[in-house]
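Q: Before anything else, here's the structure in question.
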Amino acid sequence: MRDPILTPIDGTPNLLLGSYDLTGLGYSVSEFVVAGTASSYTPVGELTVDGRWNVAPGARAGYATRAVAVVPADAGRFNGTVVVEWLNVSGGLDAPAVWMMAHRELLREGYAYVGVSAQRVGIEGGAGMVGDFSLKTVDPQRYARLNHPGDEYSFDIFGQLGTVARHRGDELLAGLHPQRVLAVGESQSAMFLTTYIDAVVPLGPIYDGFLVHSRFGPAGPLDGGSMFDPATVARLPRPRFRDDLPVPVLAVITETDLIGGVLPGYLPARQPDGELLRVWEIPGAAHADNYTIQGAFLDSGLAPVAELAEAYRPTSTMLGRPLTHFLNFAPQHHYVLNAAIARLHDWVVAGRGAPAAPPIDVTDEDVPTIVTDDDGVAVGGLRTPWVDVPTAATSGANTENDRMSALFGSGAPFDAAHLARRYPGGLDEYLTGFTTALDRTIDAGFLVAADRPEILELATITARRQFAG
């Protein structure tokens with residue numbers, strides 16, 4: 001098979017990497033057309049819920065996709081690991097969802113990053129939650145050379161980009177030569193990565209580890225079907241990750257993902273951790289939150305914490321539309337994902353398995369619900385200071401009736417009376433408890449120590465505002 005051909009694209013890529021200047025942070029950004037031939041995959045036997053799937057190469061088709069590389073300008077800062085993201089197309093555009101949540105960890109630790117337009121919608125347009133913001137729609141001249149033959153070829157396209165990232169750093173990574181390649185994807189991309197892990201990885205491992213971020217129950221279809229087609233979703237299996245994994249897999253699941261609603265939830269696919277599998281379920285967290293639509297874009301690592309606190313301020317407006325509740329505004333999702341990157345990296349580099357977390361408690365009913373405590377906060381799961389020492393009940397659920405806002409969960413700040421009952425010693429008692437819980441979570445490995453000063457300052461600013469009424 002002929003290797004893909006890489007052709008640089010001059011100018012600024014169409015990709016939501018943030019409103020800050022990456023050059024000033026010591027990184028360079030490049031974009032490429034990647035052209036080659038990809039295979040689809042055909043199931044050999046039933047796609048069983050245990051995830052031990054067998055597939056064979058099927059039809060072949062030419063493709064021309066794009067990849068965006070973000071790399072340290074100083075090769076001496078490179079930590080030897082490139083993170084390859086399956087860009088998310090649920091909004092009708094290529095979205096670097098994992099980059100948005102975890103770019104702070106990637107930038108400060110010297111990772112290289114590659115975003116891959118693996119699916120057709122991001123290039124050619126198609127079904128999405130928001131509209132058609134595909135590359136050919138927003139900039140038809142720049143992206144005229146691109147051609148995506150269909151999502152049945154997306155798995156091989158993503159695999160080929162992993163091989164390119166590993167072996168052709170002179171072209172793709174401005175001369176960097178990685179020792180490790182990690183695959184990451186969020187939401188719809190996480191469901192496609194689930195299929196990639198269960199079906200394609202056994203054909204020959206390319207990636208050294210996987211971060212599967214916010215998958216729902218179904219796995220991405222092998223035949224090119226759309227996750228927005230109810231008939232396709234109805235027939236998709238809800239598999240576990242196969243139990244003979246050759247490389248580490250860390251899955252991060254929020255309350256929204258666990259119970260579902262927008263799509264069938266992850267709960268039926270739950271499985272015990274294994275030698276090379278960890279699943280972190282985050283109580284009080286939603287699939288998306290204030291950081292997703294506000295904080296991520298300004299969070300360069302240099303922005304004043306007061307600006308981040310404003311981005312986290314409770315809001316009942318999303319993309320200009322009023323809602324009946326506050327969006328989930330807890331900072332924990334972003335900070336836990338920083339830790340997920342760090343722990344997966346440690347696992348691959350040093351063989352230190354990521355820490356294990358208990359599952360979120362759910363009721364034993366025909367329609368399970370998440371168990372909550374007297375504060376309205378979920379019980380069980382990966383504990384953080386925002387749920388162990390709360391000033392609000394944040395959740396992955398809400399009552400909105402459109403799919404996009406349903407992903408953003410909800411939040412209810414405690415009123416003055418609730419705060420007084422919970423913390424009779426006032427602000428000082430709260431901050432003492434929060435600091436203790438923060439250090440406990442860092443020691444457990446679910447937050448990174450580098451984030452500690454920022455988290456404490458953020459908690460102090462927001463708590464002063466809330467305790468003052």
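Residue numbers start at 1 in each chain; chains themselves are named A, B, ... in the order of the structure tokens; ligands are numbered from 1 in the order shown.
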Need to verify the contact set: A:His148, 10 Å, only C-alpha atoms, exclusion of same-chain residues closer than 4 positions in sequence. Can you return it as a short mmCIF file (atom, residue, chain, number, x, y, z; two decimals) with C-alpha atoms, in the first residue's frame?

A:
data_model
loop_
_atom_site.label_atom_id
_atom_site.label_comp_id
_atom_site.auth_asym_id
_atom_site.auth_seq_id
_atom_site.Cartn_x
_atom_site.Cartn_y
_atom_site.Cartn_z
CA ALA A 35 -4.20 11.99 0.43
CA ALA A 61 -11.45 4.18 -1.81
CA GLY A 62 -9.28 7.19 -2.36
CA TYR A 63 -9.42 10.02 0.15
CA ALA A 64 -7.96 13.48 0.74
CA THR A 65 -8.45 14.64 4.30
CA ARG A 66 -6.74 17.28 6.42
CA SER A 117 -10.57 15.17 9.99
CA ALA A 118 -11.50 11.51 10.17
CA GLN A 119 -15.22 11.76 9.33
CA ARG A 120 -17.05 12.95 6.26
CA VAL A 121 -19.31 15.54 7.95
CA GLY A 122 -16.36 17.70 8.94
CA ILE A 123 -15.26 17.99 5.33
CA GLU A 124 -18.29 17.54 3.10
CA TYR A 153 -13.27 4.50 5.69
CA SER A 154 -12.71 6.72 8.75
CA ILE A 157 -7.86 6.95 7.71
#

Q: Give me the residues near A:Phe326 as JSON, numbers by chain, where near means some atom within 8 Å (using only C-alpha atoms) and where sequence neighbours in that chain fewer than 4 positions away do not count.

A: {"A": [314, 315, 316, 317, 410, 411, 412]}

Q: Put those residues in a file: C-alpha atoms, as a short mmCIF file (atom, residue, chain, number, x, y, z; two decimals), in the first residue's frame.

A:
data_model
loop_
_atom_site.label_atom_id
_atom_site.label_comp_id
_atom_site.auth_asym_id
_atom_site.auth_seq_id
_atom_site.Cartn_x
_atom_site.Cartn_y
_atom_site.Cartn_z
CA PRO A 314 -23.37 30.38 36.37
CA THR A 315 -25.28 31.20 33.21
CA SER A 316 -28.69 30.17 31.91
CA THR A 317 -27.91 31.23 28.34
CA SER A 410 -27.30 21.71 35.00
CA GLY A 411 -26.16 23.47 38.13
CA ALA A 412 -27.94 24.87 41.19
#

Q: Would you list the contacts of stretch 24-30 of chain A as a PyMOL selection string, taking every protein, DNA or RNA residue within 6 Å and counting only C-alpha atoms, but skipping same-chain residues closer than 5 positions in sequence?

A: chain A and resi 68-73

Q: Please produce a file of those selected residues containing N, CA and C atoms, as a PDB file, in the first residue's frame.

A:
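Everything below was put into again-v1.pdb:
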ATOM      1  N   VAL A  68      -4.141  18.857  11.209  1.00  0.00           N
ATOM      2  CA  VAL A  68      -3.551  20.067  11.779  1.00  0.00           C
ATOM      3  C   VAL A  68      -2.586  19.644  12.872  1.00  0.00           C
ATOM      4  N   ALA A  69      -1.340  20.099  12.772  1.00  0.00           N
ATOM      5  CA  ALA A  69      -0.309  19.752  13.741  1.00  0.00           C
ATOM      6  C   ALA A  69       0.048  20.969  14.583  1.00  0.00           C
ATOM      7  N   VAL A  70       0.048  20.792  15.890  1.00  0.00           N
ATOM      8  CA  VAL A  70       0.452  21.826  16.846  1.00  0.00           C
ATOM      9  C   VAL A  70       1.651  21.267  17.595  1.00  0.00           C
ATOM     10  N   VAL A  71       2.820  21.869  17.400  1.00  0.00           N
ATOM     11  CA  VAL A  71       4.048  21.266  17.920  1.00  0.00           C
ATOM     12  C   VAL A  71       4.897  22.313  18.633  1.00  0.00           C
ATOM     13  N   PRO A  72       5.710  21.876  19.617  1.00  0.00           N
ATOM     14  CA  PRO A  72       6.631  22.813  20.262  1.00  0.00           C
ATOM     15  C   PRO A  72       7.617  23.380  19.244  1.00  0.00           C
ATOM     16  N   ALA A  73       7.748  24.692  19.237  1.00  0.00           N
ATOM     17  CA  ALA A  73       8.692  25.316  18.304  1.00  0.00           C
ATOM     18  C   ALA A  73      10.128  24.974  18.664  1.00  0.00           C
TER      19      ALA A  73
END

Q: Tell me which protein, DNA and RNA residues are within 12 Å of A:Ala450, counting only C-alpha atoms, leaving out same-chain ones fewer than 5 positions away, and put them as an MDAnalysis selection string.

A: chainID A and resid 104:105 108:109 301 335 338:339 342 439 442 445 455:456

Q: With only C-alpha atoms as the basis for distance, which of A:Phe408, A:Phe446, A:Trp347, A:Phe133 is at the shortest distance from A:Val262?

A: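 For A:Val262, the nearest of the candidates is A:Phe408.
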
Q: Can you tell me, as a PyMOL selection string, which residues in stretch 172-229 of chain A count as alpha helix (DSSP H) by DSSP?

A: chain A and resi 172+188-195

Q: Just N, CA and C atoms for this one: save the residues we selected as a compact mmCIF listing (two decimals), in the first residue's frame.

A:
# COMPACT_ATOMS: atom_id res chain seq x y z
N LEU A 172 5.25 15.94 9.04
CA LEU A 172 4.04 16.33 9.76
C LEU A 172 4.33 17.16 11.00
N GLN A 188 -18.98 11.66 20.03
CA GLN A 188 -19.13 10.80 18.86
C GLN A 188 -17.79 10.17 18.49
N SER A 189 -16.72 10.96 18.57
CA SER A 189 -15.39 10.42 18.26
C SER A 189 -15.02 9.29 19.22
N ALA A 190 -15.43 9.41 20.49
CA ALA A 190 -15.16 8.35 21.46
C ALA A 190 -15.89 7.06 21.09
N MET A 191 -17.09 7.20 20.54
CA MET A 191 -17.83 6.01 20.12
C MET A 191 -17.16 5.35 18.92
N PHE A 192 -16.64 6.16 18.01
CA PHE A 192 -15.89 5.60 16.89
C PHE A 192 -14.57 4.98 17.36
N LEU A 193 -13.92 5.60 18.36
CA LEU A 193 -12.71 5.01 18.92
C LEU A 193 -13.00 3.67 19.60
N THR A 194 -14.18 3.55 20.20
CA THR A 194 -14.57 2.27 20.80
C THR A 194 -14.59 1.17 19.73
N THR A 195 -15.18 1.47 18.59
CA THR A 195 -15.17 0.52 17.48
C THR A 195 -13.75 0.25 17.00

Q: Run DSSP on the backbone of this structure and report the residues of stretch 117-240 of chain A it assigns to strand (DSSP E), as a ChimeraX atom specification.

A: /A:180-186,209-213

Q: Let me see the file: selected residues, C-alpha atoms, as a JSON list (two decimals), in the first residue's frame.

A:
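Once written, result37.json looks like this:
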[["chain", "number", "residue", "atom", "x", "y", "z"],
["A", 180, "ARG", "CA", 4.89, 7.41, 21.52],
["A", 181, "VAL", "CA", 1.56, 8.07, 19.78],
["A", 182, "LEU", "CA", -1.67, 8.35, 21.78],
["A", 183, "ALA", "CA", -5.17, 8.37, 20.30],
["A", 184, "VAL", "CA", -7.89, 10.53, 21.82],
["A", 185, "GLY", "CA", -11.50, 11.36, 20.98],
["A", 186, "GLU", "CA", -14.56, 12.79, 22.68],
["A", 209, "GLY", "CA", -2.68, 4.13, 24.25],
["A", 210, "PHE", "CA", -6.21, 5.49, 24.03],
["A", 211, "LEU", "CA", -8.16, 8.18, 25.88],
["A", 212, "VAL", "CA", -11.85, 7.54, 25.23],
["A", 213, "HIS", "CA", -13.55, 10.69, 26.47]]

Q: Would you mind telling me which residue in A:Gln141, A:Glu152, A:Ala165, A:Arg215 lies nearest to A:Asn88 when using only C-alpha atoms?

A: A:Arg215

Q: Using only C-alpha atoms, which of A:Ala75, A:Ala309, A:Leu447, A:Ala340 sits nearest A:Gly110?

A: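 Residue with the minimum atom-to-atom distance to A:Gly110: A:Ala75.
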